[in-house]
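Okay, upload_21.txt is below, compact mmCIF, C-alpha atoms:
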# COMPACT_ATOMS: atom_id res chain seq x y z
CA MET A 1 29.64 19.73 -20.75
CA THR A 2 26.57 21.96 -20.72
CA HIS A 3 24.76 23.17 -17.63
CA VAL A 4 21.86 20.86 -18.50
CA ASP A 5 24.20 17.85 -18.85
CA ALA A 6 25.71 18.57 -15.44
CA ARG A 7 22.29 18.89 -13.86
CA GLU A 8 20.98 15.51 -15.09
CA PRO A 9 23.42 13.31 -13.09
CA GLN A 10 22.67 15.45 -10.02
CA GLN A 11 18.93 14.91 -10.54
CA ASP A 12 19.54 11.17 -10.96
CA ARG A 13 21.47 11.10 -7.68
CA SER A 14 18.71 13.07 -5.99
CA ARG A 15 16.05 10.62 -7.23
CA ALA A 16 18.17 7.66 -6.12
CA THR A 17 18.65 9.19 -2.65
CA ARG A 18 14.93 9.82 -2.34
CA ALA A 19 14.12 6.24 -3.41
CA ARG A 20 16.59 4.83 -0.84
CA LEU A 21 15.04 6.96 1.91
CA LEU A 22 11.51 5.84 1.03
CA ALA A 23 12.49 2.16 0.99
CA ALA A 24 14.39 2.51 4.27
CA ALA A 25 11.46 4.33 5.90
CA ILE A 26 9.09 1.45 5.11
CA THR A 27 11.58 -1.17 6.35
CA CYS A 28 12.29 0.74 9.57
CA LEU A 29 8.61 1.32 10.25
CA ALA A 30 7.80 -2.37 9.74
CA GLU A 31 10.72 -3.62 11.83
CA LEU A 32 11.09 -0.95 14.54
CA GLY A 33 7.71 0.75 14.80
CA TRP A 34 6.95 4.46 14.75
CA SER A 35 8.66 5.62 17.94
CA ALA A 36 12.04 4.07 17.04
CA SER A 37 11.94 5.08 13.37
CA THR A 38 13.47 8.54 13.56
CA VAL A 39 14.77 10.45 10.55
CA ALA A 40 18.32 9.74 11.74
CA VAL A 41 17.66 5.99 11.89
CA VAL A 42 16.09 5.97 8.43
CA ALA A 43 18.95 8.05 6.99
CA GLU A 44 21.52 5.64 8.44
CA ARG A 45 19.61 2.64 7.02
CA ALA A 46 19.46 4.37 3.63
CA GLY A 47 23.18 5.19 3.73
CA VAL A 48 22.70 8.96 3.50
CA SER A 49 23.32 11.86 5.88
CA ARG A 50 20.57 13.18 8.11
CA GLY A 51 20.92 16.53 6.33
CA ALA A 52 20.27 14.88 2.97
CA ALA A 53 17.20 13.18 4.41
CA GLN A 54 15.85 16.47 5.74
CA HIS A 55 16.57 18.15 2.41
CA HIS A 56 14.14 15.73 0.75
CA PHE A 57 11.69 15.46 3.66
CA PRO A 58 11.65 18.43 6.05
CA THR A 59 9.61 16.56 8.68
CA ARG A 60 9.35 13.01 9.93
CA GLU A 61 5.64 12.98 9.04
CA ALA A 62 6.42 14.03 5.47
CA LEU A 63 8.97 11.22 5.12
CA PHE A 64 6.68 8.45 6.31
CA THR A 65 3.54 9.57 4.50
CA ALA A 66 5.59 9.89 1.29
CA ALA A 67 6.96 6.39 1.89
CA LEU A 68 3.46 4.98 2.37
CA GLU A 69 2.23 6.71 -0.78
CA HIS A 70 5.25 5.53 -2.80
CA VAL A 71 4.93 1.89 -1.79
CA THR A 72 1.17 1.93 -2.29
CA ARG A 73 1.66 3.25 -5.82
CA GLU A 74 4.28 0.58 -6.52
CA ARG A 75 2.06 -2.19 -5.15
CA GLY A 76 -0.90 -0.87 -7.11
CA GLU A 77 1.14 -1.05 -10.30
CA GLN A 78 2.27 -4.56 -9.42
CA MET A 79 -1.34 -5.57 -8.85
CA ARG A 80 -2.40 -4.07 -12.20
CA ARG A 81 0.39 -5.96 -13.94
CA GLN A 82 -0.65 -9.22 -12.30
CA PHE A 83 -4.22 -8.74 -13.45
CA ALA A 84 -3.16 -7.63 -16.95
CA GLU A 85 -0.81 -10.58 -17.45
CA GLN A 86 -3.52 -13.09 -16.56
CA GLY A 87 -6.20 -11.38 -18.61
CA ARG A 88 -9.92 -10.92 -18.03
CA GLN A 89 -10.41 -14.67 -17.53
CA LEU A 90 -8.81 -14.47 -14.09
CA SER A 91 -10.78 -16.59 -11.62
CA THR A 92 -12.57 -14.96 -8.72
CA GLU A 93 -10.42 -17.00 -6.33
CA ALA A 94 -7.22 -15.71 -7.95
CA ILE A 95 -8.52 -12.12 -7.65
CA VAL A 96 -9.33 -12.63 -3.96
CA GLU A 97 -5.86 -14.06 -3.33
CA VAL A 98 -4.21 -11.02 -4.96
CA VAL A 99 -6.40 -8.65 -2.92
CA PHE A 100 -5.64 -10.54 0.31
CA GLY A 101 -1.95 -10.34 -0.57
CA LEU A 102 -2.11 -6.54 -0.49
CA PHE A 103 -2.74 -6.74 3.24
CA SER A 104 0.32 -8.76 4.20
CA GLY A 105 4.08 -8.49 4.48
CA THR A 106 6.39 -5.58 5.16
CA PHE A 107 4.25 -2.93 3.51
CA PHE A 108 1.11 -3.79 5.44
CA ARG A 109 3.03 -3.96 8.73
CA ALA A 110 4.55 -0.53 8.02
CA ALA A 111 1.18 0.94 7.11
CA LEU A 112 -0.32 -0.47 10.30
CA MET A 113 2.42 1.12 12.42
CA LEU A 114 1.69 4.45 10.74
CA TRP A 115 -2.07 4.11 11.35
CA VAL A 116 -1.54 3.37 15.04
CA ALA A 117 0.82 6.34 15.42
CA ALA A 118 -1.62 8.58 13.54
CA ALA A 119 -4.41 7.63 15.95
CA ALA A 120 -2.39 9.19 18.78
CA GLU A 121 -0.66 12.07 16.97
CA PRO A 122 -2.94 14.74 15.45
CA GLN A 123 -0.22 16.23 13.20
CA LEU A 124 0.47 12.85 11.62
CA ARG A 125 -3.24 12.00 11.45
CA GLU A 126 -3.90 15.13 9.37
CA GLN A 127 -1.60 13.75 6.67
CA VAL A 128 -2.45 10.05 6.93
CA VAL A 129 -6.27 10.25 6.88
CA PRO A 130 -6.65 11.92 3.44
CA LEU A 131 -3.87 9.74 2.01
CA GLU A 132 -5.54 6.55 3.26
CA ALA A 133 -8.92 7.71 1.92
CA ARG A 134 -7.42 8.23 -1.54
CA ILE A 135 -5.56 4.92 -1.47
CA GLY A 136 -8.74 3.16 -0.36
CA ARG A 137 -10.72 4.64 -3.27
CA GLU A 138 -8.04 3.63 -5.79
CA VAL A 139 -7.83 0.04 -4.55
CA HIS A 140 -11.63 -0.24 -4.41
CA ARG A 141 -11.92 1.01 -8.00
CA MET A 142 -9.26 -1.44 -9.17
CA VAL A 143 -11.04 -4.42 -7.56
CA VAL A 144 -14.40 -3.37 -9.04
CA ASP A 145 -12.78 -3.18 -12.46
CA VAL A 146 -11.00 -6.53 -12.31
CA LEU A 147 -14.12 -8.27 -10.99
CA GLY A 148 -16.03 -6.76 -13.90
CA VAL A 149 -19.00 -5.76 -11.74
CA ASP A 150 -21.33 -2.77 -11.82
CA GLU A 151 -21.43 -0.64 -8.68
CA ARG A 152 -24.80 0.80 -9.68
CA VAL A 153 -26.34 -2.55 -8.75
CA ASP A 154 -27.58 -2.64 -5.15
CA GLY A 155 -25.11 -4.25 -2.76
CA VAL A 156 -22.15 -4.42 -5.16
CA ARG A 157 -20.22 -1.52 -3.63
CA GLU A 158 -20.73 -2.86 -0.12
CA THR A 159 -19.68 -6.39 -1.11
CA VAL A 160 -16.47 -5.16 -2.73
CA GLN A 161 -15.74 -3.07 0.36
CA ALA A 162 -16.42 -6.10 2.55
CA THR A 163 -13.76 -7.97 0.53
CA LEU A 164 -11.21 -5.26 1.33
CA ASP A 165 -12.24 -5.11 4.98
CA LEU A 166 -11.98 -8.90 5.26
CA ALA A 167 -8.52 -8.80 3.68
CA ARG A 168 -7.41 -6.13 6.16
CA GLY A 169 -8.73 -8.15 9.11
CA LEU A 170 -6.93 -11.28 7.94
CA GLY A 171 -3.78 -9.21 7.55
CA LEU A 172 -4.05 -8.18 11.19
CA ALA A 173 -4.55 -11.78 12.27
CA ASN A 174 -1.39 -12.74 10.39
CA LEU A 175 0.86 -10.19 12.14
CA LEU A 176 1.75 -12.32 15.15
CA THR A 177 1.52 -15.85 13.76
CA ASP A 178 1.54 -17.43 10.31
CA ASP A 179 -2.14 -17.69 9.47
CA GLY A 180 -1.62 -18.79 5.87
CA ALA A 181 -3.61 -22.05 5.93
CA ARG A 182 -6.73 -20.50 7.46
CA ARG A 183 -6.35 -17.48 5.20
CA GLY A 184 -6.31 -19.74 2.13
CA ARG A 185 -9.51 -21.51 3.22
CA ILE A 186 -11.24 -18.20 3.83
CA ALA A 187 -10.08 -16.86 0.45
CA ARG A 188 -11.62 -19.87 -1.32
CA GLN A 189 -14.87 -19.58 0.60
CA TRP A 190 -15.11 -15.84 0.04
CA ALA A 191 -14.49 -16.32 -3.69
CA HIS A 192 -17.48 -18.71 -3.80
CA THR A 193 -19.57 -16.11 -1.96
CA LEU A 194 -18.57 -13.42 -4.47
CA GLU A 195 -19.44 -15.68 -7.40
CA ARG A 196 -22.93 -16.23 -6.00
CA THR A 197 -23.58 -12.60 -5.09
CA LEU A 198 -21.65 -10.71 -7.80
CA PRO A 199 -22.27 -12.27 -11.21
CA ARG A 200 -19.34 -11.23 -13.44
Once more with this new file: its structure as structure tokens, please.
Amino acid sequence: MTHVDAREPQQDRSRATRARLLAAAITCLAELGWSASTVAVVAERAGVSRGAAQHHFPTREALFTAALEHVTRERGEQMRRQFAEQGRQLSTEAIVEVVFGLFSGTFFRAALMLWVAAAAEPQLREQVVPLEARIGREVHRMVVDVLGVDERVDGVRETVQATLDLARGLGLANLLTDDGARRGRIARQWAHTLERTLPR
């Protein structure tokens, strides 16, 4: 066995450990909140030693911002696949439902816990703010593209951003109780509004 051959399984194990830590970090954050989601707790949930966790992520902030970035990238890819599979003839209502879906579930709850913690902890905020700004730009660009609209037209950028802000607000409303029925009605109404204001 060559040195390169020996190194590849080790790299595979390292990638697998990192992936388990990222998944566990999101789950812990969503279920336990920031204060209870220590590196030790995440490592135990991931089935790895605390030392292994700190090898990959030297600080708690690094672990959770990496987890947020990882899951956002995965969800972005999932969203792109959904849009690609259904083609350019996707209805406005279907697009709105996919966008609203981004702001729900375990990932959104975890992201919210991180935002709240970042509001009170300057060291964490320094990492979360630029990450969230980048994520926001990427999601905005994706929605503009799938809607097939031109941001150079007055009001288009603001209307797309309003869609994302509305989705985030509905996600917050859904945290404590199942708000699915009202959310569905709002999605349909907002889709009609987009069709009138943003000709595709």
Near-A:Trp190 list (9 Å; all atoms listed in the file; drop same-chain fewer than 6 positions) as a PyMOL selection string: chain A and resi 93+96+163
Closest pair table for stretch 11-77 of chain A residues within 6 Å of stretch 102-112 of chain A, all atoms listed in the file, as a Markdown table:
| residue | atom | partner | partner_atom | distance |
| --- | --- | --- | --- | --- |
| A:Ile26 | CA | A:Ala110 | CA | 5.7 |
| A:Leu29 | CA | A:Ala110 | CA | 5.0 |
| A:Ala30 | CA | A:Ala110 | CA | 4.1 |
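For stretch 32-39 of chain A, the set of protein, DNA and RNA residues having any atom at most 10 Å away, when counting only C-alpha atoms and skipping those fewer than 6 positions along the same chain, is Leu21, Ala24, Ala25, Ile26, Arg45, Ser49, Arg50, Gly51, Ala53, Gln54, Phe57, Pro58, Thr59, Arg60, Glu61, Leu63, Phe64, Arg109, Ala110, Leu112, Met113, Leu114, Trp115, Val116, Ala117 and Ala118 of chain A.
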Point-to-point distance in Å for atom CA of A:Glu97 and atom CA of A:Ala187: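 Separation of atom CA of A:Ala187 and atom CA of A:Glu97: 6.3 Å.
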Can I get the residues of stretch 37-56 of chain A within 8 Å of stretch 10-20 of chain A, each with the closest pair of atoms and their distance in Å to one decimal, using all atoms listed in the file, sorted chain first then ascending number, as a tab-separated table?
residue	atom	partner	partner_atom	distance
A:Ala46	CA	A:Arg20	CA	5.3
A:Val48	CA	A:Thr17	CA	7.4
A:Ala53	CA	A:Arg18	CA	7.9
A:His56	CA	A:Arg18	CA	6.7
Would you compute an axis-aligned box for stretch 179-190 of chain A, covering every atom listed for it in the file with 5 Å of margin on each side, and report centre and edge lengths in Å to one decimal as JSON?
{"center_x": -8.4, "center_y": -18.9, "center_z": 4.1, "size_x": 23.5, "size_y": 16.2, "size_z": 20.8}
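Counting only C-alpha atoms and comparing A:Val128, A:Arg168, A:Asp178, A:His140, the residue that lies closest to A:Leu68 is A:Val128.
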Neighbouring residues of stretch 148-160 of chain A were defined as those with any atom within 10 Å, considering all atoms listed in the file; residues of the same chain fewer than 6 positions away were excluded. Please report them as a PDB file with C-alpha atoms, in the coordinates of the input.
ATOM      1  CA  ARG A  88      -9.920 -10.920 -18.030  1.00  0.00           C
ATOM      2  CA  HIS A 140     -11.630  -0.240  -4.410  1.00  0.00           C
ATOM      3  CA  ARG A 141     -11.920   1.010  -8.000  1.00  0.00           C
ATOM      4  CA  MET A 142      -9.260  -1.440  -9.170  1.00  0.00           C
ATOM      5  CA  LEU A 166     -11.980  -8.900   5.260  1.00  0.00           C
ATOM      6  CA  THR A 193     -19.570 -16.110  -1.960  1.00  0.00           C
ATOM      7  CA  LEU A 194     -18.570 -13.420  -4.470  1.00  0.00           C
ATOM      8  CA  THR A 197     -23.580 -12.600  -5.090  1.00  0.00           C
ATOM      9  CA  LEU A 198     -21.650 -10.710  -7.800  1.00  0.00           C
ATOM     10  CA  PRO A 199     -22.270 -12.270 -11.210  1.00  0.00           C
ATOM     11  CA  ARG A 200     -19.340 -11.230 -13.440  1.00  0.00           C
TER      12      ARG A 200
END
Atom-to-atom span, atom CA of A:Ala66 and atom CA of A:Leu22, Å: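 According to the coordinates, atom CA of A:Ala66 and atom CA of A:Leu22 are separated by 7.2 Å.
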Nearest to A:Arg80 by atom-to-atom distance, counting only C-alpha atoms, from A:Glu44, A:Asp179, A:Glu126, A:Asp145: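 Looking at the shortest contact to A:Arg80, the residue is A:Asp145.
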Distance in Å - atom CA of A:Gly171 versus atom CA of A:Val98: 12.6 Å
Closest of A:Val144, A:Val41, A:Gly136, A:Phe100 to A:Asn174 - atom-to-atom distances counting all atoms listed in the file: A:Phe100
